[in-house]
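A.B. asks: See model38.txt below, with compact mmCIF, C-alpha atoms.
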```
# COMPACT_ATOMS: atom_id res chain seq x y z
CA MET A 1 104.90 196.31 128.55
CA ASN A 2 104.42 196.46 132.27
CA ALA A 3 107.38 198.78 132.92
CA THR A 4 109.34 201.44 131.15
CA THR A 5 112.97 201.10 130.16
CA THR A 6 115.66 203.50 129.01
CA THR A 7 116.44 201.45 125.90
CA PRO A 8 114.03 200.94 122.99
CA ALA A 9 111.79 197.91 123.29
CA LEU A 10 112.78 194.93 121.16
CA GLY A 11 110.38 194.39 118.30
CA PHE A 12 108.86 190.91 118.04
CA GLY A 13 107.12 189.17 115.18
CA ILE A 14 105.05 186.00 115.26
CA ILE A 15 104.76 183.49 112.42
CA GLY A 16 101.65 181.31 112.75
CA VAL A 17 98.54 182.33 114.69
CA GLY A 18 97.17 179.06 116.07
CA MET A 19 96.19 178.61 119.71
CA ILE A 20 99.71 178.82 121.15
CA ALA A 21 100.38 182.14 119.39
CA ASP A 22 97.93 183.80 121.79
CA TYR A 23 100.22 182.85 124.69
CA HIS A 24 103.23 184.31 122.91
CA ALA A 25 101.37 187.55 122.19
CA GLN A 26 100.28 187.88 125.83
CA ALA A 27 103.79 187.15 127.07
CA ILE A 28 105.36 189.72 124.75
CA ALA A 29 102.83 192.34 125.86
CA ALA A 30 103.67 191.65 129.52
CA ALA A 31 107.46 191.47 129.09
CA THR A 32 109.64 194.41 130.03
CA GLY A 33 111.51 195.72 127.00
CA ALA A 34 109.44 193.94 124.32
CA ARG A 35 106.65 194.86 121.92
CA LEU A 36 104.77 192.90 119.28
CA VAL A 37 105.28 194.61 115.94
CA GLY A 38 103.92 192.19 113.36
CA ILE A 39 102.51 188.80 112.53
CA ALA A 40 102.48 186.53 109.48
CA THR A 41 100.16 183.64 108.67
CA ARG A 42 98.85 182.02 105.50
CA SER A 43 95.26 183.26 105.95
CA ALA A 44 94.69 187.00 105.51
CA GLU A 45 91.48 186.76 107.55
CA ASN A 46 93.22 184.95 110.43
CA ALA A 47 95.97 187.55 110.32
CA ARG A 48 93.43 190.37 110.50
CA VAL A 49 91.53 188.82 113.42
CA PHE A 50 94.68 188.06 115.43
CA ALA A 51 96.12 191.53 114.81
CA ALA A 52 92.89 193.17 115.95
CA LYS A 53 92.71 191.00 119.07
CA HIS A 54 96.24 191.81 120.20
CA GLY A 55 96.62 195.33 118.81
CA VAL A 56 99.35 194.38 116.35
CA PRO A 57 100.13 197.16 113.89
CA PHE A 58 101.35 194.97 111.01
CA ALA A 59 99.85 191.77 109.61
CA THR A 60 100.79 189.91 106.45
CA THR A 61 100.56 186.56 104.70
CA SER A 62 104.23 186.81 103.66
CA VAL A 63 106.96 185.43 105.91
CA ALA A 64 109.55 187.23 103.79
CA GLU A 65 107.77 190.55 104.30
CA LEU A 66 107.63 190.06 108.06
CA VAL A 67 111.28 189.06 108.57
CA ALA A 68 112.46 191.91 106.32
CA ARG A 69 111.16 194.53 108.75
CA PRO A 70 114.03 196.38 110.45
CA ASP A 71 111.92 197.04 113.55
CA ILE A 72 111.66 193.30 114.30
CA ALA A 73 114.60 191.77 116.18
CA VAL A 74 112.99 188.52 117.39
CA VAL A 75 110.62 186.17 115.62
CA CYS A 76 108.41 183.64 117.42
CA ILE A 77 107.79 180.45 115.44
CA THR A 78 104.35 179.12 116.34
CA THR A 79 103.55 177.12 113.21
CA PRO A 80 102.76 173.37 113.44
CA SER A 81 105.72 171.44 114.87
CA GLY A 82 106.89 169.91 111.61
CA ALA A 83 106.74 173.30 109.88
CA HIS A 84 109.14 175.17 112.18
CA LEU A 85 112.27 174.84 110.06
CA GLU A 86 111.39 176.81 106.92
CA PRO A 87 110.09 180.04 108.53
CA ALA A 88 112.81 179.81 111.18
CA LEU A 89 115.49 179.65 108.48
CA ALA A 90 113.94 182.66 106.76
CA ALA A 91 114.15 184.60 110.02
CA VAL A 92 117.73 183.48 110.70
CA ARG A 93 118.83 184.55 107.22
CA ALA A 94 117.34 187.96 107.95
CA GLY A 95 119.43 188.15 111.14
CA LYS A 96 116.56 187.70 113.57
CA HIS A 97 116.75 185.94 116.91
CA LEU A 98 114.20 183.19 117.50
CA VAL A 99 111.68 181.92 120.01
CA VAL A 100 110.60 178.47 118.80
CA GLU A 101 107.66 176.55 120.24
CA LYS A 102 108.28 172.98 121.36
CA PRO A 103 109.50 170.77 119.87
CA ILE A 104 112.22 172.77 118.15
CA GLU A 105 111.53 170.42 115.21
CA ILE A 106 110.23 166.88 114.83
CA THR A 107 113.48 165.19 113.75
CA THR A 108 117.08 165.68 114.80
CA GLU A 109 118.02 166.24 111.16
CA ARG A 110 115.67 169.20 110.81
CA ALA A 111 116.70 170.52 114.22
CA ASP A 112 120.37 170.29 113.26
CA GLU A 113 119.80 172.21 110.03
CA LEU A 114 118.26 175.06 112.01
CA LEU A 115 120.98 174.98 114.68
CA ARG A 116 123.77 175.11 112.10
CA ALA A 117 122.18 178.10 110.40
CA ALA A 118 121.62 179.96 113.68
CA ASP A 119 125.17 179.29 114.89
CA ALA A 120 126.61 180.49 111.58
CA ALA A 121 124.47 183.65 111.68
CA GLY A 122 125.25 184.37 115.33
CA VAL A 123 121.60 184.59 116.34
CA LYS A 124 120.04 183.20 119.52
CA ILE A 125 117.35 180.56 119.74
CA SER A 126 115.14 180.37 122.81
CA PRO A 127 113.15 177.11 122.44
CA ILE A 128 110.01 177.01 124.54
CA PHE A 129 110.40 174.71 127.54
CA GLN A 130 108.76 176.96 130.07
CA ALA A 131 108.47 174.19 132.67
CA ARG A 132 112.18 174.69 133.43
CA PHE A 133 111.35 178.15 134.79
CA GLY A 134 109.03 176.83 137.52
CA GLU A 135 110.07 177.33 141.12
CA GLY A 136 109.67 173.65 141.93
CA ALA A 137 111.67 172.54 138.91
CA ARG A 138 114.50 174.89 139.78
CA ALA A 139 114.57 173.73 143.41
CA LEU A 140 114.81 170.13 142.26
CA LYS A 141 117.56 170.92 139.75
CA ALA A 142 119.56 172.74 142.46
CA ALA A 143 119.24 169.77 144.84
CA ILE A 144 120.50 167.38 142.17
CA GLU A 145 123.45 169.62 141.34
CA ALA A 146 124.25 169.90 145.06
CA GLY A 147 124.45 166.10 145.28
CA ARG A 148 121.65 165.77 147.84
CA PHE A 149 120.28 162.59 146.25
CA GLY A 150 123.62 160.78 146.24
CA ARG A 151 123.63 158.09 143.59
CA ILE A 152 120.38 158.35 141.66
CA VAL A 153 118.60 155.00 141.52
CA LEU A 154 115.46 155.77 139.51
CA ALA A 155 114.58 158.79 137.35
CA SER A 156 111.18 158.71 135.65
CA ALA A 157 108.54 160.87 133.96
CA TYR A 158 104.79 160.27 133.82
CA VAL A 159 102.49 162.32 131.61
CA LYS A 160 99.02 160.79 131.82
CA TRP A 161 96.84 163.39 130.15
CA HIS A 162 93.56 163.60 128.33
CA ARG A 163 92.72 165.10 124.97
CA SER A 164 89.30 164.83 123.39
CA ARG A 165 88.69 163.04 120.10
CA GLU A 166 87.83 166.45 118.63
CA TYR A 167 91.29 167.73 119.58
CA TYR A 168 92.80 165.54 116.89
CA THR A 169 91.83 167.54 113.84
CA GLY A 170 93.98 169.22 111.23
CA TRP A 171 97.68 168.62 111.82
CA LYS A 172 97.35 167.19 115.34
CA GLY A 173 98.29 163.53 115.54
CA THR A 174 99.86 163.46 112.06
CA LEU A 175 103.39 162.19 111.56
CA ALA A 176 104.29 164.85 109.00
CA LEU A 177 103.41 167.89 111.13
CA ASP A 178 102.99 166.69 114.73
CA GLY A 179 105.97 164.35 114.42
CA GLY A 180 104.34 161.91 116.84
CA GLY A 181 101.65 161.88 119.45
CA ALA A 182 101.59 161.67 123.22
CA ALA A 183 105.38 161.66 123.52
CA MET A 184 106.33 164.32 120.96
CA ASN A 185 103.50 166.78 121.61
CA GLN A 186 102.33 166.41 125.20
CA GLY A 187 105.01 164.32 126.91
CA ILE A 188 107.90 166.38 125.64
CA HIS A 189 107.84 168.88 128.53
CA GLY A 190 108.14 166.05 131.06
CA ILE A 191 110.78 164.31 128.94
CA ASP A 192 112.78 167.52 128.70
CA LEU A 193 112.60 168.02 132.47
CA LEU A 194 113.65 164.42 133.06
CA GLN A 195 116.77 164.68 130.91
CA TRP A 196 117.55 168.11 132.40
CA PHE A 197 117.46 166.56 135.87
CA ALA A 198 119.00 163.13 135.27
CA GLY A 199 120.87 163.48 131.98
CA MET A 200 120.29 161.57 128.78
CA PRO A 201 119.81 157.81 129.01
CA ASP A 202 122.18 155.72 126.93
CA GLU A 203 119.57 153.07 126.08
CA VAL A 204 115.77 153.03 125.79
CA TYR A 205 113.23 150.28 125.20
CA ALA A 206 109.76 151.49 124.23
CA ARG A 207 106.36 150.39 123.06
CA LYS A 208 103.64 152.64 121.68
CA THR A 209 100.02 152.18 120.62
CA ARG A 210 96.79 153.87 119.56
CA ARG A 211 94.72 152.50 122.40
CA VAL A 212 91.73 154.90 122.10
CA TYR A 213 92.30 157.34 119.24
CA ASP A 214 92.64 154.90 116.38
CA HIS A 215 91.79 157.60 113.82
CA ILE A 216 95.18 159.32 114.16
CA GLU A 217 98.55 158.34 112.70
CA ALA A 218 100.60 158.87 115.85
CA GLU A 219 100.50 157.14 119.23
CA ASP A 220 98.09 158.06 121.98
CA THR A 221 100.09 156.00 124.51
CA LEU A 222 103.77 155.17 125.00
CA SER A 223 105.69 153.37 127.73
CA ALA A 224 109.45 152.96 127.97
CA THR A 225 112.22 151.78 130.24
CA LEU A 226 115.46 153.73 130.44
CA HIS A 227 119.07 152.93 131.30
CA TYR A 228 121.41 155.79 132.22
CA PRO A 229 125.20 155.82 131.73
CA ASN A 230 125.74 155.92 135.52
CA GLY A 231 123.72 152.72 136.01
CA ALA A 232 120.44 154.32 137.12
CA LEU A 233 117.18 153.11 135.63
CA GLY A 234 113.94 154.89 134.82
CA SER A 235 110.64 154.96 133.00
CA ILE A 236 108.65 157.21 130.70
CA GLU A 237 104.88 156.89 130.39
CA ALA A 238 102.90 159.25 128.17
CA THR A 239 99.29 159.18 127.05
CA THR A 240 96.53 161.50 125.91
CA ALA A 241 93.84 158.83 126.33
CA ALA A 242 93.51 158.77 130.14
CA TRP A 243 90.43 160.64 131.36
CA PRO A 244 90.32 163.10 133.10
CA GLY A 245 94.08 163.68 132.94
CA TRP A 246 96.47 163.66 135.90
CA SER A 247 99.21 166.08 136.83
CA ARG A 248 102.57 165.46 135.20
CA ARG A 249 104.99 163.73 137.58
CA ILE A 250 108.77 163.63 137.59
CA GLU A 251 110.25 161.27 140.18
CA ILE A 252 113.90 161.33 141.23
CA CYS A 253 114.88 158.66 143.76
CA GLY A 254 118.36 158.30 145.19
CA GLU A 255 120.33 156.69 147.99
CA HIS A 256 120.10 159.81 150.18
CA GLY A 257 116.75 161.27 149.18
CA SER A 258 113.74 161.21 146.89
CA ALA A 259 111.46 163.83 145.38
CA CYS A 260 108.37 163.98 143.22
CA LEU A 261 107.63 167.04 141.12
CA LYS A 262 103.87 167.08 140.45
CA ASP A 263 103.40 169.62 137.70
CA ASP A 264 105.60 172.23 139.40
CA HIS A 265 104.76 171.35 143.01
CA LEU A 266 107.24 169.27 144.98
CA ASP A 267 104.72 166.79 146.30
CA GLU A 268 107.47 164.69 147.94
CA TRP A 269 110.74 166.15 149.25
CA LYS A 270 112.63 163.95 151.71
CA PHE A 271 116.35 163.63 152.44
CA ARG A 272 118.48 161.83 155.03
CA GLU A 273 120.14 165.13 155.92
CA ALA A 274 117.71 168.00 156.35
CA GLN A 275 118.54 171.54 155.31
CA PRO A 276 116.99 174.75 156.69
CA HIS A 277 115.06 175.54 153.50
CA ASP A 278 113.41 172.09 153.20
CA ASP A 279 110.32 173.03 155.18
CA ALA A 280 109.72 176.08 152.97
CA ILE A 281 110.07 173.96 149.84
CA ARG A 282 107.59 171.40 151.15
CA ALA A 283 105.16 174.12 152.20
CA ALA A 284 105.29 176.00 148.90
CA GLY A 285 102.15 175.68 146.84
CA PRO A 286 102.05 175.15 143.09
CA ASP A 287 103.70 177.89 141.05
CA PRO A 288 100.69 179.73 139.49
CA ALA A 289 102.70 180.38 136.33
CA MET A 290 102.88 176.63 135.69
CA ALA A 291 99.20 175.74 135.43
CA SER A 292 98.61 172.19 134.20
CA GLY A 293 97.41 171.29 130.72
CA ALA A 294 96.54 167.77 131.84
CA GLY A 295 92.90 167.94 130.83
CA ALA A 296 92.89 170.69 128.22
CA PRO A 297 95.60 172.40 126.13
CA ASN A 298 94.21 175.88 126.81
CA ALA A 299 94.31 175.47 130.60
CA ILE A 300 97.91 176.68 130.82
CA SER A 301 98.97 180.23 131.69
CA TYR A 302 100.98 182.58 129.51
CA GLN A 303 103.14 183.34 132.55
CA GLY A 304 105.53 180.49 131.79
CA HIS A 305 106.08 181.84 128.28
CA LEU A 306 106.57 185.28 129.81
CA ARG A 307 109.44 184.05 131.97
CA GLN A 308 111.19 182.53 128.99
CA ILE A 309 110.61 185.47 126.65
CA GLN A 310 111.80 187.84 129.40
CA ASP A 311 114.94 185.72 129.72
CA LEU A 312 115.63 186.16 126.00
CA VAL A 313 115.04 189.93 126.15
CA ASP A 314 117.35 190.22 129.15
CA SER A 315 120.00 188.03 127.53
CA LEU A 316 120.10 190.30 124.47
CA ARG A 317 120.27 193.40 126.66
CA ASP A 318 122.98 191.96 128.91
CA ASN A 319 124.85 190.08 126.17
CA ARG A 320 124.66 186.74 127.96
CA PRO A 321 123.48 183.27 126.90
CA VAL A 322 119.80 182.36 127.12
CA ALA A 323 118.77 179.98 129.89
CA ILE A 324 117.79 177.30 127.35
CA ASP A 325 119.34 177.25 123.89
CA GLY A 326 118.54 175.33 120.74
CA HIS A 327 121.18 172.67 121.29
CA GLU A 328 119.64 171.92 124.68
CA ALA A 329 116.17 171.61 123.11
CA ARG A 330 117.51 169.10 120.58
CA LYS A 331 118.05 166.57 123.39
CA ALA A 332 114.35 165.99 123.99
CA VAL A 333 113.78 165.47 120.26
CA ALA A 334 116.68 162.99 120.10
CA LEU A 335 115.34 161.07 123.08
CA ILE A 336 111.80 160.89 121.67
CA ARG A 337 113.06 159.80 118.26
CA ALA A 338 114.99 157.01 120.02
CA LEU A 339 111.78 155.96 121.79
CA TYR A 340 109.98 155.82 118.46
CA ALA A 341 112.83 153.89 116.84
CA SER A 342 112.74 151.33 119.66
CA ALA A 343 108.99 150.94 119.38
CA ALA A 344 109.28 150.45 115.63
CA CYS A 345 111.93 147.71 115.83
CA GLY A 346 110.73 146.09 119.06
CA ALA A 347 114.18 146.19 120.65
CA PRO A 348 116.32 148.46 122.82
CA VAL A 349 117.94 151.43 121.06
CA LYS A 350 121.17 153.08 122.15
CA LEU A 351 121.53 156.85 122.06
```
Spell out the structure here as structure tokens.

C.D. replies:
Amino acid sequence: MNATTTTPALGFGIIGVGMIADYHAQAIAAATGARLVGIATRSAENARVFAAKHGVPFATTSVAELVARPDIAVVCITTPSGAHLEPALAAVRAGKHLVVEKPIEITTERADELLRAADAAGVKISPIFQARFGEGARALKAAIEAGRFGRIVLASAYVKWHRSREYYTGWKGTLALDGGGAAMNQGIHGIDLLQWFAGMPDEVYARKTRRVYDHIEAEDTLSATLHYPNGALGSIEATTAAWPGWSRRIEICGEHGSACLKDDHLDEWKFREAQPHDDAIRAAGPDPAMASGAGAPNAISYQGHLRQIQDLVDSLRDNRPVAIDGHEARKAVALIRALYASAACGAPVKL
């Protein structure tokens, strides 16, 4: 912890010690009012190495043993995407709150099973969508809610990233555990931001392909057109096959203004009616907590996870809702599954 508090620190556990677990461990260590108590993973050697690296006092290969600990109040689920449900349910049944890496699960059915269990148990789920905590993203959301764009005309997301052929080993790119490819794994942050800003489309028409990485089951490229209930249109483009990888872009264009969020930097910010804070927003540099993973998955910062984990800790202390809950995280999964359904049938799909 980076500060002391008058109340005992919340104990955290982590299930799964792949690459993203390192970011969770760093975020917990930096959060005020949190401490990492234990970890669980299938490999005893991996558990030992991770525990030594992060100074974790308890390591086990048993999920049941971890979630039974009374000094653990929150469990981070950092297993492969399609293996979130089972350890999450074990934690919920033990009365633990959850931090769940994106996506919350790879199908709406599995997500709904988890959400029903958590609601019945009265525990909180904080699903990782750290991009929502960026300064640029929050400025854009506030402008939309204030009506500065007027009627939105176009709302689109572009995630043109690069992953190496070697990246696709193990569970990556498999349908059973990754749940999809460029849309479900990499594009999901941009897709979540898009629906947070513009709402859910009511119809999508998508195509997907393995343009470069033909050795994987999932897509390396997807393109879709969107129709929103209010009449606006939009697009989603996602790929992991575009070298060297460009910054993620979210574009919101309306009758009274338009903006482009490039990673978390508002690269374009123009309105018919200026406001005093516009110059400061345009002058603001990229939020350092929101480093881009466009060219490499390990190029991101743990600071985004820290903001979200701190929000959960504060919500438990203050008895308030988390900034992003599990039901909100389900929306991105539902949208991506609709994209996949449209690509499979070659026709528009209604949500």

A.B. asks: Wanna dump the region 88-177 of chain A-region 217-231 of chain A contacts at 7 Å for me, each residue with its shortest atom pair and the distance in Å to one decimal, counting all atoms listed in the file, ordered by chain and number, as a tab-separated table?

C.D. replies:
```
residue	atom	partner	partner_atom	distance
A:Gly173	CA	A:Ala218	CA	5.2
A:Thr174	CA	A:Glu217	CA	5.3
A:Leu175	CA	A:Ala218	CA	6.1
```

A.B. asks: Can you work out the spacing between CA of Ile252 (chain A) and CA of Ala139 (chain A) in Å, to one decimal?

C.D. replies: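 For CA of Ile252 (chain A) relative to CA of Ala139 (chain A), the distance reads 12.6 Å.
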
A.B. asks: At most 10 Å is the cut-off: for each residue in region 245-337 of chain A with any atom that close to an atom of region 70-93 of chain A, write down the nearest atom pair and the distance in Å rounded to one decimal, counting only C-alpha atoms, chain first then increasing number, as JSON lines.

C.D. replies:
```
{"residue": "A:Ile309", "atom": "CA", "partner": "A:Cys76", "partner_atom": "CA", "distance": 9.7}
{"residue": "A:Leu312", "atom": "CA", "partner": "A:Val74", "partner_atom": "CA", "distance": 9.3}
{"residue": "A:Val313", "atom": "CA", "partner": "A:Val74", "partner_atom": "CA", "distance": 9.1}
```

A.B. asks: Have a look at A:Ala294, A:Ala259, A:Ala40, A:Leu66 and name the one nearest to Val153 (chain A); count all atoms listed in the file.

C.D. replies: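 Looking at the shortest contact to Val153 (chain A), the residue is A:Ala259.
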
A.B. asks: Which residue, A:Arg272, A:Lys96, A:His256, A:Lys331, has the smallest gap to Leu351 (chain A) when you use all atoms listed in the file?

C.D. replies: A:Lys331

A.B. asks: Using all atoms listed in the file, which residue out of A:Leu154, A:Gly181, A:Ala341, A:Arg330 lies closest to Glu113 (chain A)?

C.D. replies: A:Arg330

A.B. asks: Using the file's own x, y and z axes, what box holds all listed atoms of region 228-241 of chain A with 6 Å on each side, keeping edges along x, y and z, and what are its centre and edge lengths in Å to one decimal, as JSON?

C.D. replies:
```
{"center_x": 109.8, "center_y": 157.1, "center_z": 131.5, "size_x": 43.9, "size_y": 20.8, "size_z": 23.2}
```
